Amino acid sequence: EASTAKNPLVRIVNMSSLCAVEPFPTMSIYCAGKSGRDMFHSVLAKEHSPNLMQNDKGADDKEEQKQTFKVLNYAPGLCDTQMTDDLAGCAVLDEGLRKNISASKEEKKLVRPEETAKKLVQILGLDDYESGSHVDYYDV
């Protein structure tokens with residue numbers, strides 16, 4: 001989809017998490033923060049949907065109805081980062097969750113940041129996601 005001066009392409013990516021859609025013991029603040037960000041960005045997508053914009057402006061021009069503004073809530077998977085290192089050694093984290101993270105790290109099953117970045121670029125390039133949707137690395 002080509003960008004025009006009148007309708008530039010705008011893509012907003014919220015770095016989400018599985019924690020935004022699934023509760024994990026001892027991670028209530030993180031889960032609540034991630035789910036709140038997902039909801040904020042989903043509402044932003046609704047507020048900028050072509051149908052709402054058309055209704056607000058009363059436009060009949062098909063060019064104005066193209067969706068040039070899209071939002072993606074992207075969960076990058078369990079990545080090999082300082083955060084997972086910290087969680088693997090966290091004494092107050094739920095024991096089952098800590099063991100899962102530690103085992104994933106030991107078995108080299110964590111997603112490398114460059115892998116998830118590449119997948120995100122592919123998703124954005126294909127542009128076949130619904131604006132405001134939550135897309136997880138493992139589901140694509």
# chains A, B, ... in the order shown; residues from 1 in each chain; ligands from 1
$ closest_atom_pairs --of "stretch 59-123 of chain A" --to "stretch 20-34 of chain A" --cutoff "12 Å" --atoms "only C-alpha atoms" --output "tab-separated table"
residue	atom	partner	partner_atom	distance
A:Asn73	CA	A:Ala20	CA	9.6
A:Tyr74	CA	A:Ala20	CA	10.3
A:Ala75	CA	A:Ala20	CA	8.7
A:Pro76	CA	A:Ala20	CA	12.0
A:Leu87	CA	A:Met27	CA	10.5
A:Cys90	CA	A:Thr26	CA	10.9
A:Ala91	CA	A:Thr26	CA	10.9
A:Val92	CA	A:Thr26	CA	7.5
A:Leu93	CA	A:Thr26	CA	5.8
A:Asp94	CA	A:Thr26	CA	5.7
A:Glu95	CA	A:Pro25	CA	9.3
A:Gly96	CA	A:Pro25	CA	9.2
A:Leu97	CA	A:Phe24	CA	7.9
A:Arg98	CA	A:Thr26	CA	10.5
$ write_last_selection --atoms "all heavy atoms" --output "short mmCIF file (atom, residue, chain, number, x, y, z; two decimals), in the first residue's frame"
data_model
loop_
_atom_site.label_atom_id
_atom_site.label_comp_id
_atom_site.auth_asym_id
_atom_site.auth_seq_id
_atom_site.Cartn_x
_atom_site.Cartn_y
_atom_site.Cartn_z
N ASN A 73 -0.43 -4.95 18.51
CA ASN A 73 0.06 -5.37 19.82
C ASN A 73 0.86 -6.65 19.57
O ASN A 73 0.29 -7.71 19.32
CB ASN A 73 -1.11 -5.65 20.77
CG ASN A 73 -1.86 -4.39 21.14
OD1 ASN A 73 -1.27 -3.45 21.64
ND2 ASN A 73 -3.16 -4.35 20.87
N TYR A 74 2.18 -6.54 19.58
CA TYR A 74 3.05 -7.66 19.23
C TYR A 74 3.75 -8.23 20.46
O TYR A 74 4.47 -7.53 21.17
CB TYR A 74 4.11 -7.21 18.20
CG TYR A 74 5.06 -8.32 17.81
CD1 TYR A 74 4.62 -9.41 17.09
CD2 TYR A 74 6.40 -8.27 18.17
CE1 TYR A 74 5.48 -10.44 16.73
CE2 TYR A 74 7.28 -9.28 17.82
CZ TYR A 74 6.81 -10.37 17.10
OH TYR A 74 7.66 -11.38 16.76
N ALA A 75 3.51 -9.52 20.69
CA ALA A 75 4.18 -10.24 21.78
C ALA A 75 5.38 -10.96 21.18
O ALA A 75 5.20 -11.87 20.35
CB ALA A 75 3.21 -11.22 22.44
N PRO A 76 6.60 -10.58 21.54
CA PRO A 76 7.80 -11.10 20.88
C PRO A 76 8.25 -12.49 21.29
O PRO A 76 9.24 -12.99 20.78
CB PRO A 76 8.86 -10.07 21.27
CG PRO A 76 8.41 -9.58 22.61
CD PRO A 76 6.91 -9.56 22.54
N LEU A 87 14.59 -12.98 35.73
CA LEU A 87 13.47 -13.82 36.16
C LEU A 87 13.92 -15.23 36.52
O LEU A 87 13.41 -15.82 37.48
CB LEU A 87 12.39 -13.86 35.08
CG LEU A 87 11.60 -12.58 34.86
CD1 LEU A 87 10.70 -12.69 33.64
CD2 LEU A 87 10.79 -12.20 36.09
N CYS A 90 15.11 -15.14 40.02
CA CYS A 90 14.28 -14.40 40.98
C CYS A 90 13.64 -15.34 42.01
O CYS A 90 12.83 -16.20 41.66
CB CYS A 90 13.20 -13.63 40.22
SG CYS A 90 12.14 -12.65 41.29
N ALA A 91 14.00 -15.14 43.26
CA ALA A 91 13.52 -16.01 44.34
C ALA A 91 12.03 -15.84 44.63
O ALA A 91 11.39 -16.76 45.14
CB ALA A 91 14.32 -15.76 45.61
N VAL A 92 11.45 -14.68 44.31
CA VAL A 92 10.03 -14.45 44.62
C VAL A 92 9.10 -14.76 43.46
O VAL A 92 7.88 -14.70 43.60
CB VAL A 92 9.79 -13.00 45.12
CG1 VAL A 92 10.51 -12.76 46.44
CG2 VAL A 92 10.18 -11.99 44.08
N LEU A 93 9.65 -15.11 42.30
CA LEU A 93 8.82 -15.49 41.16
C LEU A 93 8.20 -16.86 41.41
O LEU A 93 8.81 -17.72 42.06
CB LEU A 93 9.69 -15.53 39.89
CG LEU A 93 8.95 -15.73 38.57
CD1 LEU A 93 8.08 -14.51 38.26
CD2 LEU A 93 9.95 -15.94 37.43
N ASP A 94 6.99 -17.06 40.92
CA ASP A 94 6.33 -18.36 41.02
C ASP A 94 7.32 -19.46 40.61
O ASP A 94 7.98 -19.36 39.58
CB ASP A 94 5.10 -18.38 40.10
CG ASP A 94 4.44 -19.73 40.04
OD1 ASP A 94 3.80 -20.12 41.03
OD2 ASP A 94 4.57 -20.40 38.99
N GLU A 95 7.43 -20.50 41.45
CA GLU A 95 8.44 -21.53 41.23
C GLU A 95 8.29 -22.22 39.88
O GLU A 95 9.28 -22.46 39.17
CB GLU A 95 8.38 -22.58 42.36
CG GLU A 95 9.47 -23.62 42.24
CD GLU A 95 9.45 -24.64 43.37
OE1 GLU A 95 8.70 -24.46 44.34
OE2 GLU A 95 10.21 -25.61 43.27
N GLY A 96 7.07 -22.55 39.49
CA GLY A 96 6.84 -23.21 38.20
C GLY A 96 7.26 -22.32 37.03
O GLY A 96 7.88 -22.79 36.06
N LEU A 97 6.93 -21.06 37.12
CA LEU A 97 7.30 -20.11 36.07
C LEU A 97 8.82 -19.93 36.02
O LEU A 97 9.42 -19.93 34.94
CB LEU A 97 6.61 -18.77 36.35
CG LEU A 97 6.73 -17.69 35.31
CD1 LEU A 97 6.27 -18.16 33.94
CD2 LEU A 97 5.92 -16.47 35.74
N ARG A 98 9.44 -19.80 37.17
CA ARG A 98 10.90 -19.65 37.23
C ARG A 98 11.59 -20.87 36.64
O ARG A 98 12.54 -20.75 35.86
CB ARG A 98 11.36 -19.43 38.68
CG ARG A 98 12.84 -19.11 38.79
CD ARG A 98 13.27 -18.77 40.21
NE ARG A 98 12.72 -19.62 41.25
CZ ARG A 98 13.12 -20.87 41.52
NH1 ARG A 98 14.09 -21.41 40.82
NH2 ARG A 98 12.56 -21.57 42.50
#
$ select_by_dssp --residues "stretch 11-119 of chain A" --states "alpha helix (DSSP H)" --output "MDAnalysis selection string"
chainID A and resid 28:47 50:57 62:65 82:88 95:106 113:119
$ closest_residue --among "A:Gly125, A:Gly77, A:Pro113, A:Gly89" --to "A:Asp139" --atoms "only C-alpha atoms"
A:Gly77
$ closest_residue --among "A:Leu110, A:Leu44, A:Val140, A:Leu18" --to "A:Ile123" --atoms "only C-alpha atoms"
A:Val140
$ select_by_dssp --residues "stretch 3-136 of chain A" --states "strand (DSSP E)" --output "PDB file with N, CA, C and O atoms, in the first residue's frame"
ATOM      1  N   VAL A  10       0.910   5.020   8.694  1.00  0.00           N
ATOM      2  CA  VAL A  10       1.312   5.110  10.096  1.00  0.00           C
ATOM      3  C   VAL A  10       1.090   3.731  10.715  1.00  0.00           C
ATOM      4  O   VAL A  10      -0.013   3.188  10.641  1.00  0.00           O
ATOM      5  N   ARG A  11       2.142   3.176  11.314  1.00  0.00           N
ATOM      6  CA  ARG A  11       2.041   1.901  12.007  1.00  0.00           C
ATOM      7  C   ARG A  11       2.587   2.097  13.416  1.00  0.00           C
ATOM      8  O   ARG A  11       3.725   2.525  13.589  1.00  0.00           O
ATOM      9  N   ILE A  12       1.770   1.769  14.400  1.00  0.00           N
ATOM     10  CA  ILE A  12       2.194   1.839  15.792  1.00  0.00           C
ATOM     11  C   ILE A  12       2.298   0.410  16.303  1.00  0.00           C
ATOM     12  O   ILE A  12       1.352  -0.369  16.174  1.00  0.00           O
ATOM     13  N   VAL A  13       3.449   0.079  16.879  1.00  0.00           N
ATOM     14  CA  VAL A  13       3.657  -1.256  17.434  1.00  0.00           C
ATOM     15  C   VAL A  13       3.832  -1.126  18.939  1.00  0.00           C
ATOM     16  O   VAL A  13       4.740  -0.454  19.419  1.00  0.00           O
ATOM     17  N   ASN A  14       2.933  -1.768  19.668  1.00  0.00           N
ATOM     18  CA  ASN A  14       3.045  -1.886  21.116  1.00  0.00           C
ATOM     19  C   ASN A  14       3.747  -3.203  21.404  1.00  0.00           C
ATOM     20  O   ASN A  14       3.276  -4.260  20.996  1.00  0.00           O
ATOM     21  N   MET A  15       4.892  -3.140  22.086  1.00  0.00           N
ATOM     22  CA  MET A  15       5.576  -4.374  22.453  1.00  0.00           C
ATOM     23  C   MET A  15       4.820  -4.984  23.632  1.00  0.00           C
ATOM     24  O   MET A  15       4.912  -4.516  24.757  1.00  0.00           O
ATOM     25  N   PHE A  69      -3.662   4.098   8.982  1.00  0.00           N
ATOM     26  CA  PHE A  69      -3.245   4.117  10.388  1.00  0.00           C
ATOM     27  C   PHE A  69      -3.593   2.760  10.982  1.00  0.00           C
ATOM     28  O   PHE A  69      -4.763   2.384  11.033  1.00  0.00           O
ATOM     29  N   LYS A  70      -2.579   1.992  11.398  1.00  0.00           N
ATOM     30  CA  LYS A  70      -2.835   0.684  12.000  1.00  0.00           C
ATOM     31  C   LYS A  70      -1.987   0.513  13.251  1.00  0.00           C
ATOM     32  O   LYS A  70      -0.883   1.050  13.354  1.00  0.00           O
ATOM     33  N   VAL A  71      -2.542  -0.271  14.174  1.00  0.00           N
ATOM     34  CA  VAL A  71      -1.887  -0.543  15.454  1.00  0.00           C
ATOM     35  C   VAL A  71      -1.732  -2.054  15.601  1.00  0.00           C
ATOM     36  O   VAL A  71      -2.651  -2.809  15.282  1.00  0.00           O
ATOM     37  N   LEU A  72      -0.568  -2.474  16.086  1.00  0.00           N
ATOM     38  CA  LEU A  72      -0.308  -3.890  16.332  1.00  0.00           C
ATOM     39  C   LEU A  72       0.197  -4.061  17.756  1.00  0.00           C
ATOM     40  O   LEU A  72       1.133  -3.380  18.177  1.00  0.00           O
ATOM     41  N   ASN A  73      -0.432  -4.950  18.506  1.00  0.00           N
ATOM     42  CA  ASN A  73       0.057  -5.373  19.818  1.00  0.00           C
ATOM     43  C   ASN A  73       0.859  -6.648  19.569  1.00  0.00           C
ATOM     44  O   ASN A  73       0.289  -7.705  19.322  1.00  0.00           O
ATOM     45  N   TYR A  74       2.180  -6.538  19.582  1.00  0.00           N
ATOM     46  CA  TYR A  74       3.053  -7.662  19.227  1.00  0.00           C
ATOM     47  C   TYR A  74       3.748  -8.231  20.457  1.00  0.00           C
ATOM     48  O   TYR A  74       4.466  -7.526  21.170  1.00  0.00           O
ATOM     49  N   ALA A  75       3.511  -9.519  20.689  1.00  0.00           N
ATOM     50  CA  ALA A  75       4.181 -10.237  21.780  1.00  0.00           C
ATOM     51  C   ALA A  75       5.378 -10.964  21.176  1.00  0.00           C
ATOM     52  O   ALA A  75       5.203 -11.866  20.351  1.00  0.00           O
ATOM     53  N   SER A 133      -5.135  -5.668  16.942  1.00  0.00           N
ATOM     54  CA  SER A 133      -5.085  -7.070  17.362  1.00  0.00           C
ATOM     55  C   SER A 133      -3.791  -7.384  18.108  1.00  0.00           C
ATOM     56  O   SER A 133      -2.807  -6.659  18.031  1.00  0.00           O
ATOM     57  N   HIS A 134      -3.831  -8.489  18.846  1.00  0.00           N
ATOM     58  CA  HIS A 134      -2.677  -9.000  19.595  1.00  0.00           C
ATOM     59  C   HIS A 134      -2.115 -10.172  18.791  1.00  0.00           C
ATOM     60  O   HIS A 134      -2.816 -11.154  18.539  1.00  0.00           O
ATOM     61  N   VAL A 135      -0.876 -10.063  18.375  1.00  0.00           N
ATOM     62  CA  VAL A 135      -0.229 -11.116  17.588  1.00  0.00           C
ATOM     63  C   VAL A 135       0.997 -11.585  18.378  1.00  0.00           C
ATOM     64  O   VAL A 135       1.827 -10.781  18.780  1.00  0.00           O
ATOM     65  N   ASP A 136       1.092 -12.892  18.572  1.00  0.00           N
ATOM     66  CA  ASP A 136       2.199 -13.475  19.316  1.00  0.00           C
ATOM     67  C   ASP A 136       3.198 -14.127  18.361  1.00  0.00           C
ATOM     68  O   ASP A 136       2.797 -14.744  17.364  1.00  0.00           O
TER      69      ASP A 136
END
$ atom_distance --atom1 "atom CA of A:Lys108" --atom2 "atom CA of A:Leu124"
26.9 Å
$ closest_residue --among "A:Leu126, A:Thr68, A:Ala103, A:Asp85" --to "A:Ala45" --atoms "only C-alpha atoms"
A:Thr68
$ atom_distance --atom1 "atom CA of A:Ser104" --atom2 "atom CA of A:Leu78"
8.7 Å
